[in-house]
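Engineer: Pasting a structure below so you can have a look.
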Amino acid sequence: MHANIGPLPGDAPPAEKPRERLISIPYLFLRATTAAGAFAMGFVQTFVFARVLSPERFSIFIVVGAIGYTLWITDLGLAKILFVNLRRPHLAGDRDDQAARQATAVISFYIALAIAAALICFAVVSARPSSTLHGAFDLALFLLYIVLNLAWFSLRTISIAVDLFVFYERLELTRRVVNISTMLAMLVGLPFTAFLVGSNLLWCVLFAIAITKLISRGALAPQLRGAPRDLVTFFQSNWHTVARSSTGALSSMFVATFPYYFVPAAYGLGAAPIILEVTMRIFRGACVIFAAICDLAIPGQTRALAAHDVERLVKTTLLAVGLCCAPAAIACGSLIFAGGPLFTFLLRAAATVPAGIVPILVALLLASILQIVAEALLQYSGYFRSLAFNGAAVVAGMLLITAVSAVAKLDIVGFLTAYTAVYCVGAVCLAVAAVRGPIHATAAHSERPGMSGLFRAFRPRQVPTA
C-alpha cells in the first residue's frame with residue numbers, strides 16, 4: 001500500500017537542507033595525528049642523531065638544519081595568497097587557470113630553491129680540505145630533506161583551498177610514520193646515508209602523488225612551460241598583497257627569533273639563553289598545536305565568508321578557540337602545579353628556571369590562542385593589510401621594550417615579562433582586527449546586517465516544531 005500523496009500547502013515552509021558540520025571529523029583526527037607526529041618527530045630526530053652521530057658531526061647537522069629553516073623566509077606568505085586566489089573560484093564551482101599556473105610556478109620555485117641549496121651545500125662542503133665527498137653528500141641530502149618542507153607545506157595550503165585536506169593529511173601521516181620508522185631503524189643498523197636517500201625518495205613519491213591529484217582538481221597546471229613568466233606575473237599582479245603578507249610573515253619571524261640574539265648579548269652565555277630556550281620551546285610547541293587546530297576551521301570559515309553566513313563564521317571561529325583552549329588548559333595546569341619539577345627534569349643542573357617564568361608562559365599560551373586564531377582567519381580571508389599593520393606595530397613595540405630592558409638593566413625575567421606584555425597587546429589588537437574585518441564584513445552582507453547580524457550568530461538556532 002502507498003500513502004496518499006497530495007500537494008503541499010501553499011504556506012508550508014521549504015524543507016531545510018541539513019547543515020554541514022562546522023569542521024570535518026576525519027580531518028580532525030587526521031590533523032591531530034599529523035600534528036602529534038610532527039611534535040614527536042622532532043624529539044625522535046634529536047634522540048637518534050645524538051646516538052648515531054659524533055657530537056661534532058651532530059652540531060654540523062644542527063647548523064645545516066638551521067640554514068635550511070632560515071630559507072623559509074622566502075615564503076613571505078605566498079601560499080596564503082595562492083589560497084585566496086584559488087579558493088574563490090573553487091567555491092563558485094569554477095576553475096581559474098591563471099591561478100593554477102601561478103601556484104605551479106610558486107611550488108616549482110620552492111622545489112628549485114631546495115635543489116639549488118643542496119647543490120651549493122655540496123660544492124661548499126666538498127671544497128673544504130678536511131671534508132670528504134661522502135660527508136658533503138650527506139649534508140647536501142639533509143639540507144634538501146629540510147628545505148623541501150617549504151614546498152610541501154605550501155601544497156597543504158593549496159590542498160585546503162580545493163577541499164583536498166583529508167587527502168593531503170593522509171599523505172602527511174604516511175610521511176611522518178615512514179620518517180620516524182626509518183629514524184628509529186638507524187638505532188639497529190640502518191646506515192645514515194640510506195636514511196637520507198630514502199627520505200628524499202619518499203619526498204619524490206609524495207610530491208608526485210599530491211601534484212597529480214591537485215592537477216586533476218584544477219589547483220595546479222599540468223605543465224611547467226612558462227613557469228618563470230607565471231611567477232613574474234604572480235608578483236606583478238599581487239605586488240601590494242605580497243608586500244603586506246611578507247610584512248606580516250617577516251614580523252612573525254622576527255618576534256619568534258630576535259630574543260635569541262638579544263638575550264646572549266645582554267645576559268651572556270650560560271643560564272639566561274637556556275631559560276629562554278625552554279620558555280620559547282614550550283611557547284612555540286603550543287603555537288604549532290594551535291595552528292593545526294586552526295587548519296580544521298579554514299574550510300568552514302571560507303565557505304561561510306563566501307555565503308555571507310556570519311552565524312556559521314562566528315561559530316566555526318569560536319569552535320577553533322574552544323579546541324585550542326583544551327591543550328592550553330592542560331599545559332597551563334601542568335606549568336602551574338608541576339612547573340618546577342618539569343623544568344628540573346628537562347634541564348637537570350644546566351640552569352634553574354625562576355618561578356616568574358611560569359606566569360609568563362601561562363600568559364603567552366593564552367594570548368597565542370587569540371593571536372593564531374585571528375591570524376589564520378585574517379590570512380585565509382585575504383586581510384593582509386591588517387596583518388601587516390599589526391605585525392609592524394608589534395615589531396616596533398618589541399624593539400622599544402628591548403631598548404628599555406637594556407637601559408634599565410632588567411634581568412631575564414623582566415625582559416620576558418615586557419616581551420609577553422607586548423605580545424599580549426598585539427594578540428588582542430589582532431583579535432579586534434578579525435572582528436572588525438572579515439566577521440563584520442560578513443555580517444554587513446548577511447540577511448541581518450550590522451551588529452544584529454553579529455549578535456544573531458551567538459544565539460542558538462530555533463528548532464521548528466510540528
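In the C-alpha cells, the first chain shown is A, the next is B, and so on; residue numbers restart at 1 for each chain, and ligands run from 1 in the order shown.
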Run DSSP on the backbone of this structure and report the residues of range 208-290 of chain A it assigns to alpha helix (DSSP H), as a ChimeraX atom specification.
Structural biologist: /A:208-217,227-237,239-257,259-267,271-290
Engineer: Excluding Gln371 in chain A and residues on its chain fewer than 3 positions from it, collect all residues at most 8 Å away from it, counting only C-alpha atoms, and give them as a compact mmCIF listing (two decimals) with N, CA, C and O atoms, in the first residue's frame.
Structural biologist:
```txt
# COMPACT_ATOMS: atom_id res chain seq x y z
N ALA A 367 47.44 34.12 25.31
CA ALA A 367 47.43 35.16 24.27
C ALA A 367 47.63 34.56 22.88
O ALA A 367 47.08 35.06 21.89
N SER A 368 48.41 33.48 22.81
CA SER A 368 48.68 32.88 21.49
C SER A 368 47.42 32.26 20.89
O SER A 368 47.34 32.11 19.67
N ALA A 374 43.00 34.47 15.25
CA ALA A 374 42.75 35.70 14.48
C ALA A 374 43.65 35.78 13.26
O ALA A 374 43.21 36.17 12.16
N GLU A 375 44.90 35.40 13.41
CA GLU A 375 45.85 35.44 12.29
C GLU A 375 45.39 34.52 11.16
O GLU A 375 45.42 34.91 9.98
N GLY A 426 49.45 42.88 21.22
CA GLY A 426 49.34 42.61 19.80
C GLY A 426 48.29 41.56 19.48
O GLY A 426 47.55 41.67 18.50
N ALA A 427 48.20 40.53 20.33
CA ALA A 427 47.20 39.47 20.12
C ALA A 427 45.79 40.01 20.26
O ALA A 427 44.90 39.69 19.46
N VAL A 428 45.55 40.85 21.27
CA VAL A 428 44.22 41.44 21.46
C VAL A 428 43.87 42.34 20.28
O VAL A 428 42.75 42.30 19.76
N LEU A 430 44.96 42.08 17.25
CA LEU A 430 44.71 41.26 16.07
C LEU A 430 43.31 40.63 16.14
O LEU A 430 42.62 40.51 15.12
N ALA A 431 42.90 40.22 17.34
CA ALA A 431 41.55 39.68 17.50
C ALA A 431 40.50 40.74 17.16
O ALA A 431 39.48 40.45 16.52
```
Engineer: Give me the residues of range 15-64 of chain A that have any atom at most 12 Å from an atom of range 194-209 of chain A; for each, the nearest atom pair and the distance in Å, rounded to one decimal. Use only C-alpha atoms, sort by chain and number, and format it as JSON lines.
Structural biologist:
```
{"residue": "A:Gln45", "atom": "CA", "partner": "A:Phe195", "partner_atom": "CA", "distance": 11.6}
{"residue": "A:Val48", "atom": "CA", "partner": "A:Phe195", "partner_atom": "CA", "distance": 11.7}
{"residue": "A:Phe49", "atom": "CA", "partner": "A:Phe195", "partner_atom": "CA", "distance": 11.4}
{"residue": "A:Val52", "atom": "CA", "partner": "A:Phe195", "partner_atom": "CA", "distance": 11.8}
```
Engineer: Contacts of Gly226 in chain A at 12 Å or less, counting only C-alpha atoms, minus same-chain residues fewer than 4 places along, as a list in words?
Structural biologist: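 The contact residues come out as Gln98, Arg101, Gln102, Thr104, Ala105, Ser108, Ala221, Pro222, Asp230, Leu231, Val232 and Thr233 of chain A.
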Engineer: Store the residues picked out above, limited to N, CA and C atoms, as a PDB file, in the first residue's frame.
Structural biologist:
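Output contents, as saved in result_14.pdb:
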```pdb
ATOM      1  N   GLN A  98      44.697  30.689 -14.603  1.00  0.00           N
ATOM      2  CA  GLN A  98      45.837  31.554 -14.308  1.00  0.00           C
ATOM      3  C   GLN A  98      46.320  31.347 -12.872  1.00  0.00           C
ATOM      4  N   ARG A 101      48.248  28.136 -12.762  1.00  0.00           N
ATOM      5  CA  ARG A 101      49.606  28.267 -13.327  1.00  0.00           C
ATOM      6  C   ARG A 101      50.525  28.995 -12.353  1.00  0.00           C
ATOM      7  N   GLN A 102      50.010  30.007 -11.702  1.00  0.00           N
ATOM      8  CA  GLN A 102      50.831  30.751 -10.734  1.00  0.00           C
ATOM      9  C   GLN A 102      51.170  29.886  -9.520  1.00  0.00           C
ATOM     10  N   THR A 104      51.518  26.648  -9.596  1.00  0.00           N
ATOM     11  CA  THR A 104      52.554  25.741 -10.103  1.00  0.00           C
ATOM     12  C   THR A 104      53.910  26.433 -10.140  1.00  0.00           C
ATOM     13  N   ALA A 105      53.933  27.693 -10.548  1.00  0.00           N
ATOM     14  CA  ALA A 105      55.187  28.440 -10.615  1.00  0.00           C
ATOM     15  C   ALA A 105      55.792  28.627  -9.229  1.00  0.00           C
ATOM     16  N   SER A 108      57.107  25.270  -7.981  1.00  0.00           N
ATOM     17  CA  SER A 108      58.330  24.954  -8.734  1.00  0.00           C
ATOM     18  C   SER A 108      59.511  25.781  -8.232  1.00  0.00           C
ATOM     19  N   ALA A 221      48.755  23.500 -12.619  1.00  0.00           N
ATOM     20  CA  ALA A 221      48.765  23.338 -14.073  1.00  0.00           C
ATOM     21  C   ALA A 221      49.517  22.059 -14.436  1.00  0.00           C
ATOM     22  N   PRO A 222      49.132  21.397 -15.538  1.00  0.00           N
ATOM     23  CA  PRO A 222      49.774  20.122 -15.893  1.00  0.00           C
ATOM     24  C   PRO A 222      51.128  20.272 -16.580  1.00  0.00           C
ATOM     25  N   ASP A 230      55.010  32.969 -15.401  1.00  0.00           N
ATOM     26  CA  ASP A 230      53.859  32.954 -14.498  1.00  0.00           C
ATOM     27  C   ASP A 230      54.254  33.438 -13.095  1.00  0.00           C
ATOM     28  N   LEU A 231      55.482  33.116 -12.682  1.00  0.00           N
ATOM     29  CA  LEU A 231      55.943  33.575 -11.370  1.00  0.00           C
ATOM     30  C   LEU A 231      56.076  35.097 -11.359  1.00  0.00           C
ATOM     31  N   VAL A 232      56.639  35.648 -12.439  1.00  0.00           N
ATOM     32  CA  VAL A 232      56.761  37.108 -12.541  1.00  0.00           C
ATOM     33  C   VAL A 232      55.382  37.753 -12.570  1.00  0.00           C
ATOM     34  N   THR A 233      54.458  37.163 -13.332  1.00  0.00           N
ATOM     35  CA  THR A 233      53.095  37.687 -13.407  1.00  0.00           C
ATOM     36  C   THR A 233      52.420  37.656 -12.049  1.00  0.00           C
TER      37      THR A 233
END
```
Engineer: Nearest to Arg385 in chain A: which of A:Leu164, A:Leu113, A:Ile180, A:Gly248 is it, counting only C-alpha atoms?
Structural biologist: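 Among the listed residues, A:Gly248 lies closest to Arg385 in chain A.
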Engineer: Considering only C-alpha atoms, return as a PDB file with N, CA, C and O atoms, in the first residue's frame whatever protein or nucleic-acid residues lie within 12 Å of Phe258 in chain A, sequence-local ones (same chain, fewer than 6 positions apart) excluded.
Structural biologist:
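out.pdb, written as the output of this step:
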```pdb
ATOM      1  N   LEU A 250      57.324  38.274   7.961  1.00  0.00           N
ATOM      2  CA  LEU A 250      58.637  38.625   8.495  1.00  0.00           C
ATOM      3  C   LEU A 250      58.550  39.137   9.929  1.00  0.00           C
ATOM      4  O   LEU A 250      59.441  38.872  10.741  1.00  0.00           O
ATOM      5  N   SER A 251      57.482  39.853  10.252  1.00  0.00           N
ATOM      6  CA  SER A 251      57.334  40.327  11.630  1.00  0.00           C
ATOM      7  C   SER A 251      57.118  39.154  12.574  1.00  0.00           C
ATOM      8  O   SER A 251      57.652  39.142  13.696  1.00  0.00           O
ATOM      9  N   SER A 252      56.358  38.143  12.144  1.00  0.00           N
ATOM     10  CA  SER A 252      56.164  36.951  12.981  1.00  0.00           C
ATOM     11  C   SER A 252      57.487  36.240  13.203  1.00  0.00           C
ATOM     12  O   SER A 252      57.778  35.791  14.320  1.00  0.00           O
ATOM     13  N   PRO A 264      71.633  36.434  24.649  1.00  0.00           N
ATOM     14  CA  PRO A 264      73.061  36.161  24.853  1.00  0.00           C
ATOM     15  C   PRO A 264      73.906  37.438  24.886  1.00  0.00           C
ATOM     16  O   PRO A 264      74.879  37.520  25.641  1.00  0.00           O
ATOM     17  N   ALA A 265      73.508  38.433  24.064  1.00  0.00           N
ATOM     18  CA  ALA A 265      74.273  39.685  24.044  1.00  0.00           C
ATOM     19  C   ALA A 265      74.110  40.451  25.348  1.00  0.00           C
ATOM     20  O   ALA A 265      75.068  41.075  25.829  1.00  0.00           O
ATOM     21  N   LEU A 276      65.693  31.009  28.279  1.00  0.00           N
ATOM     22  CA  LEU A 276      64.955  31.475  27.107  1.00  0.00           C
ATOM     23  C   LEU A 276      64.555  30.312  26.213  1.00  0.00           C
ATOM     24  O   LEU A 276      63.406  30.235  25.746  1.00  0.00           O
ATOM     25  N   MET A 280      60.749  29.446  25.179  1.00  0.00           N
ATOM     26  CA  MET A 280      60.303  29.581  23.803  1.00  0.00           C
ATOM     27  C   MET A 280      59.939  28.237  23.184  1.00  0.00           C
ATOM     28  O   MET A 280      59.046  28.158  22.335  1.00  0.00           O
ATOM     29  N   VAL A 395      56.421  44.652  16.110  1.00  0.00           N
ATOM     30  CA  VAL A 395      57.883  44.736  15.977  1.00  0.00           C
ATOM     31  C   VAL A 395      58.395  46.024  16.613  1.00  0.00           C
ATOM     32  O   VAL A 395      59.405  46.020  17.340  1.00  0.00           O
ATOM     33  N   MET A 398      58.345  45.572  20.293  1.00  0.00           N
ATOM     34  CA  MET A 398      59.416  44.691  20.754  1.00  0.00           C
ATOM     35  C   MET A 398      60.765  45.416  20.777  1.00  0.00           C
ATOM     36  O   MET A 398      61.579  45.238  21.697  1.00  0.00           O
ATOM     37  N   LEU A 399      61.016  46.226  19.755  1.00  0.00           N
ATOM     38  CA  LEU A 399      62.265  46.994  19.743  1.00  0.00           C
ATOM     39  C   LEU A 399      62.314  47.980  20.906  1.00  0.00           C
ATOM     40  O   LEU A 399      63.368  48.179  21.534  1.00  0.00           O
ATOM     41  N   THR A 402      62.957  46.150  24.149  1.00  0.00           N
ATOM     42  CA  THR A 402      64.337  45.678  24.171  1.00  0.00           C
ATOM     43  C   THR A 402      65.278  46.803  24.584  1.00  0.00           C
ATOM     44  O   THR A 402      66.192  46.604  25.402  1.00  0.00           O
ATOM     45  N   TYR A 419      58.367  41.409  27.063  1.00  0.00           N
ATOM     46  CA  TYR A 419      58.088  40.731  25.789  1.00  0.00           C
ATOM     47  C   TYR A 419      56.661  40.197  25.780  1.00  0.00           C
ATOM     48  O   TYR A 419      55.912  40.363  24.803  1.00  0.00           O
TER      49      TYR A 419
END
```
Engineer: So which residues touch Ala99 in chain A within 7 Å, counting only C-alpha atoms, skipping near sequence neighbours fewer than 4 positions away, as a ChimeraX atom specification?
Structural biologist: /A:85-86,103
Engineer: Using only C-alpha atoms, find the one residue out of A:Val362, A:Val373, A:Leu269, A:Phe165 that sits nearest to Thr316 in chain A.
Structural biologist: A:Val373
Engineer: Write out as a list in words each polymer residue whose atoms come within 8 Å of Gly414 in chain A, counting only C-alpha atoms; drop sequence neighbours fewer than 4 positions from it.
Structural biologist: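 What passes the distance filter is Ser405, Leu410 and Ala418 of chain A.
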Engineer: Residues near Phe384 in chain A, anyone? I mean within 8 Å using only C-alpha atoms, not counting same-chain ones fewer than 6 positions away, as number ranges by chain.
Structural biologist: A: 241, 244-245, 248, 378
Engineer: Which is closest to Asp309 in chain A among A:Asn149, A:Gln236, A:Ser154, A:Thr442, if we use only C-alpha atoms?
Structural biologist: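 With only C-alpha atoms as the atom set, the closest residue is A:Thr442.
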Engineer: Rounded to one decimal in Å, what is the spacing between CA of Gly42 in chain A and CA of Leu30 in chain A?
Structural biologist: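 So the answer is 18.6 Å.
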Engineer: Considering only C-alpha atoms, can you say which of A:Lys213, A:Lys80, A:Arg281, A:His308 comes closest to Phe153 in chain A?
Structural biologist: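 Residue with the minimum atom-to-atom distance to Phe153 in chain A: A:Lys80.
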